[in-house]
Amino acid sequence: MTDLPRTERSGPDRRKQPESLLAGLDLLASGVVVLDTDGLVVFINQAAEQLFELSARTLDGQSFARLFVNGRIIDALVEEACNNAFGQKHQELILERAGREPLMLSSTAVVLDSPLGSLLLEFRLIEHRMRHDRESKLLDSAQANRELVRNLAHEIKNPLGGLRGAAQLLETELPSPVLREYTQVIIKEADRLQALVDRLLAPHRHARVVAPMNIHEVFERVRSVVQAEYGPSLVIERDYDASLPDFQGDKEQMIQVVMNIVRNAAQALNGQGQIILRSRIARQITIGQRRRRLALDLHVLDNGPGIPESIRDRIFFPLVTGREGGSGLGLSLAQSFVQQHGGVIECESRPGRTEFRILLPLA
């Protein structure tokens with residue numbers, strides 16, 4: 001945490017200053033609260049407002065510890081800060097609010113030598129930290145797998161063409177129709193493998209056609225196609241935020257992304273169940289280790305049996321599938337297309353609920 005700017009102003013006017021002097025803290029993904037020597041709130045950033053579900057206006061000048069059933073933890077930190085018992089302190093804690101789920105947090109307390117306040121508290125949800133680690137691992141492994149698959153596909157492609165050509169030449173020399181059946185098997189299997197190789201190389205072949213697009217048009221296109229395929233036994237519900245802005249992206253790629261995910265859900269449900277398409281806006285979120293002010297937050301949920309645990313951590317790898325007859329390329333291609341847009345796809349699954357979350361940066 002960098003040192004905060006000093007100011008000569010103090011006393012009653014100090015609460016008029018943090019908005020300008022501490023404004024940079026609003027850019028952080030973590031929640032930040034600045035307290036005075038009495039434990040009263042001097043400043044709270046946007047991430048902390050969202051974390052604690054309270055506005056800065058409501059909290060200004062209020063006791064931060066009194067928000068929590070176990071607020072003595074905060075009082076103790078303020079007391080230690082006033083006594084210079086530490087300069088910086090890291091700990092994991094659970095803050096409990098009446099009638100709310102407890103918050104499991106990783107916290108950093110920093111003693112301030114500034115008229116702005118005496119103690120700066122930085123909070124991160126532990127699950128957010130786990131998500132960040134999981135996302136980093138996913139991006140790294142996806143990149144490595146894409147390189148491996150691309151190189152492998154190129155190595156397969158040339159000999160495959162020679163194999164097919166040799167089978168065609170051999171077929172012209174064979175007098176018996178029975179023998180020509182064997183060359184047809186070779187040709188057809190070579191064509192099938194060629195189609196597979198083409199799909200593996202698809203994300204690298206074509207330049208993206210970027211233009212303004214409405215993500216709800218993508219959702220509606222996919223919904224109408226999948227609904228027509230499966231009929232009324234499959235319920236596809238819409239939960240859209242109509243205020244979402246247009247998005248700069250490749251519309252065909254995004255249709256393919258959503259189509260692959262929704263079709264997988266429909267197949268997992270055997271065409272009978274519920275799929276929800278949800279759109280929201282995410283603010284001050286980190287995607288691929290980059291801080292984003294705004295992002296599209298898209299969800300595809302189903303109430304199917306869930307992804308088998310044996311492949312749950314590998315579903316975005318090429319050729320991994322939990323469905324008999326599946327190619328294992330749909331989610332791999334979807335992840336590649338989304339990453340080309342600077343985003344990421346995440347998945348959480350358990351029996352009765354599978355949720356794919358697509359994050360796409362807007363700003």
# chains A, B, ... in the order shown; residues from 1 in each chain; ligands from 1
call {"tool": "residues_around", "arguments": {"residues": "segment 349-352 of chain A", "least_positions_apart": "4", "cutoff": "10 Å", "atoms": "only C-alpha atoms", "output": "PyMOL selection string"}}
result
chain A and resi 301-309+312+356
call {"tool": "atom_distance", "arguments": {"atom1": "atom CA of Gly249 of chain A", "atom2": "atom CA of Leu329 of chain A"}}
result
21.6 Å
call {"tool": "residues_around", "arguments": {"residues": "Arg238 of chain A", "least_positions_apart": "3", "cutoff": "12 Å", "atoms": "only C-alpha atoms", "output": "ChimeraX atom specification"}}
result
/A:216,219-220,222-224,235,241-242,274-280,298-301
call {"tool": "closest_residue", "arguments": {"among": "A:Cys82, A:Leu333, A:Leu112, A:Ile156", "to": "Gln256 of chain A", "atoms": "only C-alpha atoms"}}
result
A:Leu333
call {"tool": "select_by_dssp", "arguments": {"residues": "segment 84-310 of chain A", "states": "strand (DSSP E or B)", "output": "PyMOL selection string"}}
result
chain A and resi 88-95+103-114+117-125+211-213+234-239+247-249+273-287+290-302
call {"tool": "residues_around", "arguments": {"residues": "Leu360 of chain A", "least_positions_apart": "2", "cutoff": "8 Å", "atoms": "only C-alpha atoms", "output": "JSON, numbers by chain"}}
result
{"A": [295, 296, 297, 338, 341, 342, 343, 344, 358, 362]}
call {"tool": "select_by_dssp", "arguments": {"residues": "segment 226-344 of chain A", "states": "helix (DSSP H, G or I)", "output": "ChimeraX atom specification"}}
result
/A:226-233,251-268,309-314,330-340
call {"tool": "write_last_selection", "arguments": {"atoms": "N, CA and C atoms", "output": "compact mmCIF listing (two decimals), in the first residue's frame"}}
result
# COMPACT_ATOMS: atom_id res chain seq x y z
N VAL A 226 -31.92 -22.84 -30.15
CA VAL A 226 -31.95 -24.00 -29.24
C VAL A 226 -33.39 -24.33 -28.86
N GLN A 227 -34.24 -23.33 -28.68
CA GLN A 227 -35.64 -23.59 -28.36
C GLN A 227 -36.34 -24.34 -29.50
N ALA A 228 -36.00 -23.96 -30.73
CA ALA A 228 -36.59 -24.65 -31.89
C ALA A 228 -36.10 -26.10 -31.97
N GLU A 229 -34.87 -26.36 -31.54
CA GLU A 229 -34.32 -27.71 -31.59
C GLU A 229 -34.98 -28.63 -30.57
N TYR A 230 -35.29 -28.11 -29.38
CA TYR A 230 -35.73 -28.98 -28.28
C TYR A 230 -37.21 -28.85 -27.92
N GLY A 231 -37.87 -27.77 -28.38
CA GLY A 231 -39.29 -27.64 -28.14
C GLY A 231 -39.63 -27.20 -26.73
N PRO A 232 -40.93 -27.25 -26.38
CA PRO A 232 -41.41 -26.68 -25.11
C PRO A 232 -40.96 -27.44 -23.87
N SER A 233 -40.44 -28.64 -24.00
CA SER A 233 -39.97 -29.37 -22.81
C SER A 233 -38.72 -28.73 -22.20
N LYS A 251 -19.48 -10.47 -33.52
CA LYS A 251 -20.80 -11.01 -33.22
C LYS A 251 -20.89 -12.51 -33.50
N GLU A 252 -20.30 -12.96 -34.61
CA GLU A 252 -20.37 -14.38 -34.95
C GLU A 252 -19.62 -15.23 -33.92
N GLN A 253 -18.48 -14.73 -33.46
CA GLN A 253 -17.76 -15.46 -32.43
C GLN A 253 -18.56 -15.53 -31.14
N MET A 254 -19.19 -14.42 -30.76
CA MET A 254 -19.95 -14.43 -29.52
C MET A 254 -21.18 -15.31 -29.61
N ILE A 255 -21.80 -15.37 -30.79
CA ILE A 255 -22.91 -16.31 -30.98
C ILE A 255 -22.43 -17.74 -30.80
N GLN A 256 -21.24 -18.04 -31.35
CA GLN A 256 -20.68 -19.38 -31.20
C GLN A 256 -20.38 -19.70 -29.74
N VAL A 257 -19.87 -18.73 -29.01
CA VAL A 257 -19.56 -18.92 -27.58
C VAL A 257 -20.82 -19.30 -26.81
N VAL A 258 -21.85 -18.47 -26.93
CA VAL A 258 -23.08 -18.71 -26.17
C VAL A 258 -23.78 -19.97 -26.66
N MET A 259 -23.74 -20.20 -27.97
CA MET A 259 -24.38 -21.40 -28.53
C MET A 259 -23.75 -22.67 -27.97
N ASN A 260 -22.42 -22.70 -27.90
CA ASN A 260 -21.74 -23.89 -27.39
C ASN A 260 -22.13 -24.18 -25.94
N ILE A 261 -22.20 -23.12 -25.13
CA ILE A 261 -22.53 -23.30 -23.72
C ILE A 261 -23.99 -23.71 -23.55
N VAL A 262 -24.90 -23.04 -24.26
CA VAL A 262 -26.33 -23.34 -24.11
C VAL A 262 -26.65 -24.73 -24.66
N ARG A 263 -26.05 -25.09 -25.78
CA ARG A 263 -26.29 -26.44 -26.33
C ARG A 263 -25.78 -27.52 -25.37
N ASN A 264 -24.62 -27.28 -24.77
CA ASN A 264 -24.13 -28.24 -23.77
C ASN A 264 -25.12 -28.41 -22.63
N ALA A 265 -25.69 -27.28 -22.18
CA ALA A 265 -26.67 -27.33 -21.10
C ALA A 265 -27.92 -28.11 -21.53
N ALA A 266 -28.40 -27.84 -22.75
CA ALA A 266 -29.59 -28.54 -23.25
C ALA A 266 -29.33 -30.04 -23.37
N GLN A 267 -28.14 -30.41 -23.83
CA GLN A 267 -27.80 -31.83 -23.95
C GLN A 267 -27.69 -32.49 -22.58
N ALA A 268 -27.13 -31.76 -21.59
CA ALA A 268 -27.02 -32.30 -20.24
C ALA A 268 -28.40 -32.53 -19.63
N GLU A 309 -17.41 -34.70 -11.68
CA GLU A 309 -16.30 -34.17 -10.90
C GLU A 309 -14.95 -34.52 -11.50
N SER A 310 -14.88 -35.67 -12.20
CA SER A 310 -13.61 -36.13 -12.75
C SER A 310 -13.05 -35.22 -13.82
N ILE A 311 -13.93 -34.42 -14.48
CA ILE A 311 -13.46 -33.53 -15.55
C ILE A 311 -13.76 -32.07 -15.25
N ARG A 312 -14.27 -31.76 -14.07
CA ARG A 312 -14.73 -30.41 -13.76
C ARG A 312 -13.63 -29.36 -13.91
N ASP A 313 -12.41 -29.74 -13.56
CA ASP A 313 -11.30 -28.78 -13.64
C ASP A 313 -10.65 -28.74 -15.02
N ARG A 314 -11.16 -29.57 -15.95
CA ARG A 314 -10.51 -29.66 -17.26
C ARG A 314 -11.47 -29.41 -18.42
N GLY A 330 -16.10 -27.73 -28.01
CA GLY A 330 -17.01 -26.59 -27.88
C GLY A 330 -16.59 -25.59 -26.83
N LEU A 331 -16.30 -26.04 -25.62
CA LEU A 331 -15.92 -25.12 -24.55
C LEU A 331 -14.52 -24.57 -24.74
N SER A 332 -13.64 -25.38 -25.33
CA SER A 332 -12.28 -24.90 -25.62
C SER A 332 -12.32 -23.75 -26.62
N LEU A 333 -13.13 -23.90 -27.68
CA LEU A 333 -13.28 -22.83 -28.66
C LEU A 333 -13.93 -21.60 -28.03
N ALA A 334 -14.95 -21.82 -27.19
CA ALA A 334 -15.63 -20.71 -26.54
C ALA A 334 -14.65 -19.91 -25.68
N GLN A 335 -13.83 -20.61 -24.90
CA GLN A 335 -12.85 -19.93 -24.06
C GLN A 335 -11.85 -19.15 -24.91
N SER A 336 -11.41 -19.74 -26.03
CA SER A 336 -10.47 -19.05 -26.92
C SER A 336 -11.07 -17.77 -27.48
N PHE A 337 -12.32 -17.83 -27.95
CA PHE A 337 -12.97 -16.66 -28.52
C PHE A 337 -13.14 -15.57 -27.47
N VAL A 338 -13.54 -15.94 -26.26
CA VAL A 338 -13.75 -14.94 -25.20
C VAL A 338 -12.42 -14.32 -24.79
N GLN A 339 -11.37 -15.11 -24.71
CA GLN A 339 -10.06 -14.57 -24.35
C GLN A 339 -9.53 -13.62 -25.43
N GLN A 340 -9.89 -13.88 -26.69
CA GLN A 340 -9.52 -12.94 -27.75
C GLN A 340 -10.20 -11.59 -27.56
